[in-house]
Amino acid sequence: MIATIIRVSLLHLRRDRVVQAMTFLLPIAFFSIFAAVFGGRGGGGAEVRVTVGVVDEDRSEVSARLLGALERETGLTVSRVVKTKAGELPLDRERARTLVQGGQLDVAVVVPKEFGKSFPGFAPGGPEIELLADPSNPIAPQMVLGLLQKVGMTAMPDLFARGSIDVFERYAGALTPQQRAAVDGWEKGLAESAQKGPGKDGKAGSGAMAGGLVRTKVVDVIREKAPRTGIIAFYAAGIGVMFLLFMTSGAGGALLEEAEAGTLERLLTSRLGMGRLLLAKWLYLTLLGFGQVTVMFLWGALVFGLDLWSHLGGFAIMTVVTAAAAAGFGLVLATLCRSRQQLGGLSTIIILIMSAVGGSMFPRFLMSEGMQKAGLLTFNGWALDGYLKVFWRNAPLLDLWPQVLVLCAVAVVFMAAARLLARRWEAV
Amino acid sequence: MKPLLVTLAQKSFGDTVALAGVSVELGAGELLALLGPNGAGKTTLVRAIAGRVRLDGGSIEIGGRPADDPGARDALGVVPQEVALYPMLTARENLEVFGRLQGLAGPARREAVGWALGWTGLEGRAGDLVKTFSGGMKRRLNIACGVVHRPRVVLLDEPTVGVDPQSRERIYEMLAVLRHEGASLLLTTHQLDEAESRCDRVVIVDHGKVVGEGTLGELVERLFGGRRAVTLTLDRVPDTAVAGLEMEAGGRAGRALLDDPVEDLPALLARVRAAGHEVEDLALHRPGLGAVFLSLTGRELRE
């Protein structure tokens with residue numbers, strides 16, 4: 001008896017390729033994608049490379065050596081210039097701030113005037129290096145902060161030593177001529193050693209002195225403009241877009257239910273044609289999607305302090321185009337699938353993959369370069385970029401044009417595909 | 001001008017010929033039954049009239065206009081076999097939706113919906129969700145949604161399938177009202193008794209062709225002339241065949257067609273007795289639609 005039931009189940013499994021794929025291929029696909037997203041294997045760039053702009057206001061030997069050493073760090077892409085229509089311009093504090101706010105740079109390092117004179121910072125006071133950072137990316141400033149301490153010591157051990165002796169002399173009295181000669185020789189050796197770079201073991205030198213001797217402070221260039229927006233905006237957008245896709249694919253499935261129930265046949269024998277039917281469904285789903293995302297952001301504003309009110313224009317634009325594209329997505333899937341069951345399986349797979357790669361579950365800027373680029377192939381990636389521009393970067397509405405253009409194009413392509421696929425329900 | 005005129009309709013799906021030159025006429029106020037075994041081409045013909053199948057050849061005219069003419073479409077009402085309603089809408093809302101889709105607006109739509117609710121006897125349930133309705137009520141509303149715009153020609157695909165006799169009677173009363181108001185009805189059914197007793201004429205299709213057409217009397221006369229059918233019930237299932245008697249498979253009932261009952265019946269009864277059987281029951285009648293159908297298609301309708 002038991003064997004008979006097992007045999008029946010196996011026969012069903014053998015004849016249902018969708019179930020086979022869901023059982024065996026889907027877990028492998030998900031494992032691979034999540035491993036790539038969170039494990040840093042995305043093809044075309046296994047490491048997260050941080051883009052850093054450097055501004056040298058000090059123009060001292062200290063700042064030159066410090067920033068030079070920073071440029072040699074392999075985990076960073078360091079730039080001293082900004083490309084504009086007028087050509088390349090040297091980075092200054094304001095340009096760097098704008099680039100970080102706009103997301104073109106992860107972090108900007110500004111070495112202020114007089115920094116070199118007070119280096120190393122054994123004594124309190126004195127100017128600090130400023131790290132202009134976007135708090136939506138908490139890893140990049142911490143990484144650069146650590147590297148600054150490291151290169152401060154490994155690239156300038158002689159300057160550290162000189163600073164130490166200066167402090168010693170200030171509190172213990174001047175060195176004798178013999179002591180001074182010995183210290184000068186030691187400092188020279190340290191400087192030469194720093195010029196040679198890392199040793200055979202790959203280490204740049206001792207890290208024993210790490211502990212904030214390169215005085216640095218992190219400056220949040222986003223919150224200073226919009227103090228109440230934060231990570232909540234990211235999650236509202238991420239979760240909102242993911243559930244928008246779930247909603248539209250589910251609601252789009254009403255088309256399949258109507259086909260099964262016979263109401264579609266009845267509709268198509270009336271004055272209504274397939275084109276107008278799809279258009280009506282698309283408008284409805286767009287409206288519903290707009291409502292869904294609006295409710296989520298309103299909740300975020302009321303309960304979590306999300307600053308919706310000062311971003312209403314950008315929110316409305318992004319939500320309309322995102323809902324329109326998501327509505328097209330739902331209709332494409334509904335017209336592609338032959339049954340509600342197929343739609344449920346396929347939409348879940350696609351939405352979870354797009355959400356993982358596109359950044360709904362994990363910020364794209366923390367992914368490897370390859371995965372960041374892959375994210376641009378997803379619906380979520382473009383939608384989230386737009387929402388982050390609005391809520392995080394306070395970008396002007398005109399800056400949203402790439403996202404708006406892509407999402408509008410996606411909506412048009414999806415609707416065209418849905419129209420073609422829906423021909424199977426038309427007169428034969 | 002005929003309300004519906006199908007002329008030499010042809011349609012193939014790949015190598016399968018669904019319609020091989022079917023011609024059908026529907027007269028004004030007529031109730032015409034379209035019969036045929038499964039796969040005969042009935043559904044294809046009905047869908048072609050409804051504009052859901054494009055013919056390879058032939059033509060369809062509704063009220064003298066080509067079937068794809070918008071005016072022709074407005075003159076046509078289609079009632080599908082499935083209960084194609086929105087269960088989460090009320091009866092009134094369903095009627096309004098399908099009325100709108102058929103071009104009704106404003107007071108005309110309100111008047112039509114009111115008429116349909118009265119016609120179906122659902123005024124008292126107009127505001128209830130359709131999902132709470134009985135099967136018979138859903139069937140009635142299903143028909144109403146197809147005719148809410150008061151078309152001149154109505155296609156009904158198995159309108160009484162799965163309903164109890166009382167509901168069936170109610171549905172035929174509704175159809176009688178439509179006919180009285182001048183609509184012409186074409187219905188497909190597997191209920192031979194309904195077709196025989198309710199319809200003016202029948203068209204029988206098989207293998208994509210019309211194999212018989214006319215009133216029941218005409219068909220019987222054409223096929224059987226003065227012959228009569230006799231049905232015998234024997235005392236037990238016969239071991240051997242009785243000449244001239246076609247037995248029901250595994251049963252005690254058999255039937256025969258008699259050219260001259262007065263002469264042929266005694267001879268048949270004698271053969272039964274000679275085979276060792278007694279006759280428990282006997283009925284003599286004119287051949288009905290079942291016999292016509294069997295004679296024309298070689299199959300029972302349920303096949």
# chains A, B, ... in the order shown; residues from 1 in each chain; ligands from 1
>>> interface_residues(of="chain B", to="chain A", cutoff="12 Å", atoms="only C-alpha atoms", output="number ranges by chain")
B: 11-14, 44, 46-56, 67-87, 94, 97-104, 142-143, 145-149, 151, 155
>>> select_by_dssp(residues="stretch 92-224 of chain B", states="strand (DSSP E)", output="ChimeraX atom specification")
/B:153-157,184-188,201-206,209-214
>>> write_last_selection(atoms="N, CA, C and O atoms", output="JSON list (two decimals), in the first residue's frame")
[["chain", "number", "residue", "atom", "x", "y", "z"],
["B", 153, "VAL", "N", -30.35, 37.78, -31.67],
["B", 153, "VAL", "CA", -29.93, 36.37, -31.81],
["B", 153, "VAL", "C", -29.17, 35.98, -30.54],
["B", 153, "VAL", "O", -28.29, 36.71, -30.09],
["B", 154, "VAL", "N", -29.55, 34.83, -29.97],
["B", 154, "VAL", "CA", -28.90, 34.39, -28.74],
["B", 154, "VAL", "C", -28.33, 32.99, -28.95],
["B", 154, "VAL", "O", -29.04, 32.09, -29.41],
["B", 155, "LEU", "N", -27.05, 32.84, -28.62],
["B", 155, "LEU", "CA", -26.41, 31.52, -28.66],
["B", 155, "LEU", "C", -26.35, 31.00, -27.23],
["B", 155, "LEU", "O", -25.83, 31.67, -26.34],
["B", 156, "LEU", "N", -26.89, 29.81, -27.02],
["B", 156, "LEU", "CA", -26.88, 29.24, -25.68],
["B", 156, "LEU", "C", -26.16, 27.89, -25.72],
["B", 156, "LEU", "O", -26.61, 26.98, -26.41],
["B", 157, "ASP", "N", -25.07, 27.81, -25.00],
["B", 157, "ASP", "CA", -24.30, 26.58, -25.00],
["B", 157, "ASP", "C", -24.65, 25.79, -23.74],
["B", 157, "ASP", "O", -24.27, 26.16, -22.63],
["B", 184, "SER", "N", -34.30, 35.21, -31.57],
["B", 184, "SER", "CA", -34.10, 33.88, -32.15],
["B", 184, "SER", "C", -33.01, 33.18, -31.36],
["B", 184, "SER", "O", -31.98, 33.78, -31.06],
["B", 185, "LEU", "N", -33.24, 31.91, -31.01],
["B", 185, "LEU", "CA", -32.32, 31.22, -30.12],
["B", 185, "LEU", "C", -31.72, 29.99, -30.79],
["B", 185, "LEU", "O", -32.43, 29.20, -31.40],
["B", 186, "LEU", "N", -30.42, 29.87, -30.63],
["B", 186, "LEU", "CA", -29.73, 28.66, -31.09],
["B", 186, "LEU", "C", -29.09, 28.06, -29.86],
["B", 186, "LEU", "O", -28.25, 28.69, -29.21],
["B", 187, "LEU", "N", -29.47, 26.82, -29.52],
["B", 187, "LEU", "CA", -28.88, 26.23, -28.33],
["B", 187, "LEU", "C", -28.27, 24.87, -28.64],
["B", 187, "LEU", "O", -28.78, 24.12, -29.48],
["B", 188, "THR", "N", -27.20, 24.61, -27.95],
["B", 188, "THR", "CA", -26.62, 23.27, -28.03],
["B", 188, "THR", "C", -27.04, 22.55, -26.76],
["B", 188, "THR", "O", -27.15, 23.16, -25.70],
["B", 201, "ARG", "N", -36.91, 23.28, -34.28],
["B", 201, "ARG", "CA", -36.19, 22.46, -35.26],
["B", 201, "ARG", "C", -34.89, 21.98, -34.63],
["B", 201, "ARG", "O", -34.43, 22.54, -33.63],
["B", 202, "VAL", "N", -34.30, 20.97, -35.25],
["B", 202, "VAL", "CA", -32.98, 20.52, -34.81],
["B", 202, "VAL", "C", -32.06, 20.48, -36.02],
["B", 202, "VAL", "O", -32.49, 20.24, -37.15],
["B", 203, "VAL", "N", -30.79, 20.76, -35.73],
["B", 203, "VAL", "CA", -29.73, 20.56, -36.73],
["B", 203, "VAL", "C", -28.74, 19.59, -36.11],
["B", 203, "VAL", "O", -28.27, 19.81, -35.00],
["B", 204, "ILE", "N", -28.47, 18.50, -36.80],
["B", 204, "ILE", "CA", -27.54, 17.50, -36.27],
["B", 204, "ILE", "C", -26.26, 17.55, -37.10],
["B", 204, "ILE", "O", -26.31, 17.46, -38.34],
["B", 205, "VAL", "N", -25.16, 17.77, -36.40],
["B", 205, "VAL", "CA", -23.87, 17.81, -37.11],
["B", 205, "VAL", "C", -23.02, 16.63, -36.66],
["B", 205, "VAL", "O", -23.10, 16.18, -35.52],
["B", 206, "ASP", "N", -22.24, 16.15, -37.59],
["B", 206, "ASP", "CA", -21.30, 15.07, -37.28],
["B", 206, "ASP", "C", -20.14, 15.18, -38.25],
["B", 206, "ASP", "O", -20.33, 15.45, -39.44],
["B", 209, "LYS", "N", -20.07, 18.21, -40.49],
["B", 209, "LYS", "CA", -21.09, 18.42, -41.53],
["B", 209, "LYS", "C", -22.48, 18.33, -40.92],
["B", 209, "LYS", "O", -22.67, 17.64, -39.91],
["B", 210, "VAL", "N", -23.43, 18.97, -41.57],
["B", 210, "VAL", "CA", -24.82, 18.82, -41.15],
["B", 210, "VAL", "C", -25.34, 17.51, -41.75],
["B", 210, "VAL", "O", -25.34, 17.33, -42.96],
["B", 211, "VAL", "N", -25.74, 16.60, -40.85],
["B", 211, "VAL", "CA", -26.23, 15.30, -41.35],
["B", 211, "VAL", "C", -27.75, 15.20, -41.29],
["B", 211, "VAL", "O", -28.33, 14.26, -41.82],
["B", 212, "GLY", "N", -28.36, 16.15, -40.60],
["B", 212, "GLY", "CA", -29.81, 16.13, -40.55],
["B", 212, "GLY", "C", -30.33, 17.49, -40.09],
["B", 212, "GLY", "O", -29.71, 18.14, -39.26],
["B", 213, "GLU", "N", -31.48, 17.89, -40.63],
["B", 213, "GLU", "CA", -32.00, 19.21, -40.28],
["B", 213, "GLU", "C", -33.50, 19.21, -40.52],
["B", 213, "GLU", "O", -33.98, 18.65, -41.51],
["B", 214, "GLY", "N", -34.23, 19.80, -39.60],
["B", 214, "GLY", "CA", -35.67, 19.90, -39.79],
["B", 214, "GLY", "C", -36.40, 19.77, -38.48],
["B", 214, "GLY", "O", -35.79, 19.70, -37.41]]
>>> residues_around(residues="A:Met296", least_positions_apart="3", cutoff="12 Å", atoms="only C-alpha atoms", output="PyMOL selection string")
chain A and resi 232-233+235-241+243-244+289-293+299-304+306+308+315+319
>>> atom_distance(atom1="atom CA of B:Gly251", atom2="atom CA of B:Arg236")
8.1 Å
>>> residues_around(residues="stretch 287-291 of chain B", least_positions_apart="5", cutoff="10 Å", atoms="only C-alpha atoms", output="JSON, numbers by chain")
{"B": [191, 192, 193, 195, 196, 197, 202, 215, 216, 217, 219, 220, 221, 223, 224, 225, 226, 227, 228, 229, 230, 257, 296, 297, 298, 299, 300, 301]}
>>> closest_residue(among="B:Glu158, B:Glu123, B:Glu263, B:Glu30", to="B:Thr43", atoms="only C-alpha atoms")
B:Glu158
>>> residues_around(residues="B:Leu8", least_positions_apart="3", cutoff="12 Å", atoms="only C-alpha atoms", output="list in words")
Leu5, Lys11, Leu19, Ala20, Gly21, Val22, Ser23, Val24, Glu25, Leu45, Leu55, Asp56, Gly57, Gly58, Ser59, Ile60, Glu61, Gly208, Lys209 and Val210 of chain B
>>> write_last_selection(atoms="N, CA and C atoms", output="PDB file, in the first residue's frame")
ATOM      1  N   LEU B   5     -27.505  33.432 -40.413  1.00  0.00           N
ATOM      2  CA  LEU B   5     -27.323  32.629 -41.620  1.00  0.00           C
ATOM      3  C   LEU B   5     -25.858  32.212 -41.708  1.00  0.00           C
ATOM      4  N   LYS B  11     -13.613  25.159 -41.275  1.00  0.00           N
ATOM      5  CA  LYS B  11     -12.540  25.474 -40.349  1.00  0.00           C
ATOM      6  C   LYS B  11     -11.747  24.207 -40.037  1.00  0.00           C
ATOM      7  N   LEU B  19     -15.002  21.974 -39.171  1.00  0.00           N
ATOM      8  CA  LEU B  19     -16.206  22.305 -39.933  1.00  0.00           C
ATOM      9  C   LEU B  19     -15.903  22.068 -41.405  1.00  0.00           C
ATOM     10  N   ALA B  20     -16.735  21.268 -42.038  1.00  0.00           N
ATOM     11  CA  ALA B  20     -16.486  20.921 -43.439  1.00  0.00           C
ATOM     12  C   ALA B  20     -17.631  21.403 -44.324  1.00  0.00           C
ATOM     13  N   GLY B  21     -17.953  22.691 -44.177  1.00  0.00           N
ATOM     14  CA  GLY B  21     -19.010  23.249 -45.020  1.00  0.00           C
ATOM     15  C   GLY B  21     -20.382  23.181 -44.371  1.00  0.00           C
ATOM     16  N   VAL B  22     -20.473  23.704 -43.166  1.00  0.00           N
ATOM     17  CA  VAL B  22     -21.741  23.674 -42.427  1.00  0.00           C
ATOM     18  C   VAL B  22     -22.601  24.879 -42.825  1.00  0.00           C
ATOM     19  N   SER B  23     -23.872  24.626 -43.086  1.00  0.00           N
ATOM     20  CA  SER B  23     -24.826  25.710 -43.359  1.00  0.00           C
ATOM     21  C   SER B  23     -25.999  25.581 -42.399  1.00  0.00           C
ATOM     22  N   VAL B  24     -26.321  26.696 -41.742  1.00  0.00           N
ATOM     23  CA  VAL B  24     -27.427  26.702 -40.780  1.00  0.00           C
ATOM     24  C   VAL B  24     -28.215  27.994 -40.961  1.00  0.00           C
ATOM     25  N   GLU B  25     -29.525  27.870 -40.894  1.00  0.00           N
ATOM     26  CA  GLU B  25     -30.391  29.059 -40.913  1.00  0.00           C
ATOM     27  C   GLU B  25     -31.190  29.096 -39.625  1.00  0.00           C
ATOM     28  N   LEU B  45     -18.553  25.730 -34.301  1.00  0.00           N
ATOM     29  CA  LEU B  45     -19.554  26.521 -35.012  1.00  0.00           C
ATOM     30  C   LEU B  45     -20.078  27.653 -34.128  1.00  0.00           C
ATOM     31  N   LEU B  55     -13.157  31.714 -39.578  1.00  0.00           N
ATOM     32  CA  LEU B  55     -13.423  30.646 -40.546  1.00  0.00           C
ATOM     33  C   LEU B  55     -12.356  30.615 -41.639  1.00  0.00           C
ATOM     34  N   ASP B  56     -12.083  29.407 -42.126  1.00  0.00           N
ATOM     35  CA  ASP B  56     -11.207  29.275 -43.300  1.00  0.00           C
ATOM     36  C   ASP B  56     -11.994  29.558 -44.575  1.00  0.00           C
ATOM     37  N   GLY B  57     -13.279  29.273 -44.516  1.00  0.00           N
ATOM     38  CA  GLY B  57     -14.114  29.502 -45.691  1.00  0.00           C
ATOM     39  C   GLY B  57     -15.571  29.631 -45.279  1.00  0.00           C
ATOM     40  N   GLY B  58     -16.398  30.109 -46.175  1.00  0.00           N
ATOM     41  CA  GLY B  58     -17.803  30.285 -45.859  1.00  0.00           C
ATOM     42  C   GLY B  58     -18.057  31.632 -45.201  1.00  0.00           C
ATOM     43  N   SER B  59     -19.294  31.827 -44.768  1.00  0.00           N
ATOM     44  CA  SER B  59     -19.633  33.131 -44.190  1.00  0.00           C
ATOM     45  C   SER B  59     -20.687  32.985 -43.100  1.00  0.00           C
ATOM     46  N   ILE B  60     -20.713  34.002 -42.255  1.00  0.00           N
ATOM     47  CA  ILE B  60     -21.738  34.062 -41.206  1.00  0.00           C
ATOM     48  C   ILE B  60     -22.350  35.457 -41.249  1.00  0.00           C
ATOM     49  N   GLU B  61     -23.653  35.510 -41.295  1.00  0.00           N
ATOM     50  CA  GLU B  61     -24.356  36.799 -41.271  1.00  0.00           C
ATOM     51  C   GLU B  61     -25.313  36.824 -40.096  1.00  0.00           C
ATOM     52  N   GLY B 208     -18.154  17.474 -38.669  1.00  0.00           N
ATOM     53  CA  GLY B 208     -18.049  18.803 -39.280  1.00  0.00           C
ATOM     54  C   GLY B 208     -19.066  19.082 -40.363  1.00  0.00           C
ATOM     55  N   LYS B 209     -20.071  18.210 -40.487  1.00  0.00           N
ATOM     56  CA  LYS B 209     -21.088  18.422 -41.528  1.00  0.00           C
ATOM     57  C   LYS B 209     -22.479  18.329 -40.918  1.00  0.00           C
ATOM     58  N   VAL B 210     -23.431  18.972 -41.572  1.00  0.00           N
ATOM     59  CA  VAL B 210     -24.824  18.819 -41.153  1.00  0.00           C
ATOM     60  C   VAL B 210     -25.338  17.513 -41.751  1.00  0.00           C
TER      61      VAL B 210
END
>>> atom_distance(atom1="atom CA of A:Arg49", atom2="atom CA of A:Met156")
24.5 Å
>>> atom_distance(atom1="atom CA of A:Ala155", atom2="atom CA of A:Ala181")
22.5 Å
>>> residues_around(residues="B:Ser167", least_positions_apart="4", cutoff="8 Å", atoms="only C-alpha atoms", output="list in words")
Gly136, Met137, Val163 and Ile171 of chain B
>>> residues_around(residues="B:Gly114", least_positions_apart="6", cutoff="10 Å", atoms="only C-alpha atoms", output="JSON, numbers by chain")
{"B": [92, 95, 96, 108, 122, 123, 126, 148]}
>>> write_last_selection(atoms="N, CA, C and O atoms", output="mmCIF file, in the first residue's frame")
data_model
loop_
_atom_site.group_PDB
_atom_site.id
_atom_site.type_symbol
_atom_site.label_atom_id
_atom_site.label_comp_id
_atom_site.auth_asym_id
_atom_site.auth_seq_id
_atom_site.Cartn_x
_atom_site.Cartn_y
_atom_site.Cartn_z
ATOM 1 N N ARG B 92 -26.653 42.361 -9.425
ATOM 2 C CA ARG B 92 -26.841 43.625 -10.124
ATOM 3 C C ARG B 92 -25.522 44.104 -10.730
ATOM 4 O O ARG B 92 -25.475 44.556 -11.885
ATOM 5 N N LEU B 95 -24.630 42.189 -13.855
ATOM 6 C CA LEU B 95 -25.446 42.623 -14.992
ATOM 7 C C LEU B 95 -24.984 43.988 -15.503
ATOM 8 O O LEU B 95 -24.936 44.225 -16.714
ATOM 9 N N GLU B 96 -24.622 44.866 -14.587
ATOM 10 C CA GLU B 96 -24.144 46.189 -15.009
ATOM 11 C C GLU B 96 -22.833 46.086 -15.775
ATOM 12 O O GLU B 96 -22.640 46.759 -16.790
ATOM 13 N N ALA B 108 -30.642 53.595 -20.081
ATOM 14 C CA ALA B 108 -30.881 52.356 -20.834
ATOM 15 C C ALA B 108 -30.299 51.165 -20.079
ATOM 16 O O ALA B 108 -30.901 50.085 -20.029
ATOM 17 N N LEU B 122 -34.682 37.384 -9.844
ATOM 18 C CA LEU B 122 -33.634 37.594 -8.844
ATOM 19 C C LEU B 122 -33.702 38.991 -8.212
ATOM 20 O O LEU B 122 -32.724 39.425 -7.602
ATOM 21 N N GLU B 123 -34.839 39.659 -8.347
ATOM 22 C CA GLU B 123 -34.903 41.020 -7.769
ATOM 23 C C GLU B 123 -34.573 40.996 -6.285
ATOM 24 O O GLU B 123 -33.868 41.874 -5.780
ATOM 25 N N ALA B 126 -30.791 40.829 -5.720
ATOM 26 C CA ALA B 126 -29.977 41.686 -6.595
ATOM 27 C C ALA B 126 -28.708 42.177 -5.921
ATOM 28 O O ALA B 126 -27.669 42.345 -6.560
ATOM 29 N N VAL B 148 -28.550 40.738 -21.564
ATOM 30 C CA VAL B 148 -28.972 41.976 -20.904
ATOM 31 C C VAL B 148 -29.141 43.118 -21.907
ATOM 32 O O VAL B 148 -29.939 44.029 -21.689
#
>>> closest_residue(among="B:Ala267, B:Leu4, B:Val130, B:Ala144", to="B:Leu117", atoms="only C-alpha atoms")
B:Ala144
>>> select_by_dssp(residues="stretch 37-271 of chain B", states="helix (DSSP H, G or I)", output="number ranges by chain")
B: 42-49, 70-74, 91-101, 106-120, 123-125, 130-132, 135-147, 165-180, 192-198, 216-224, 261-271
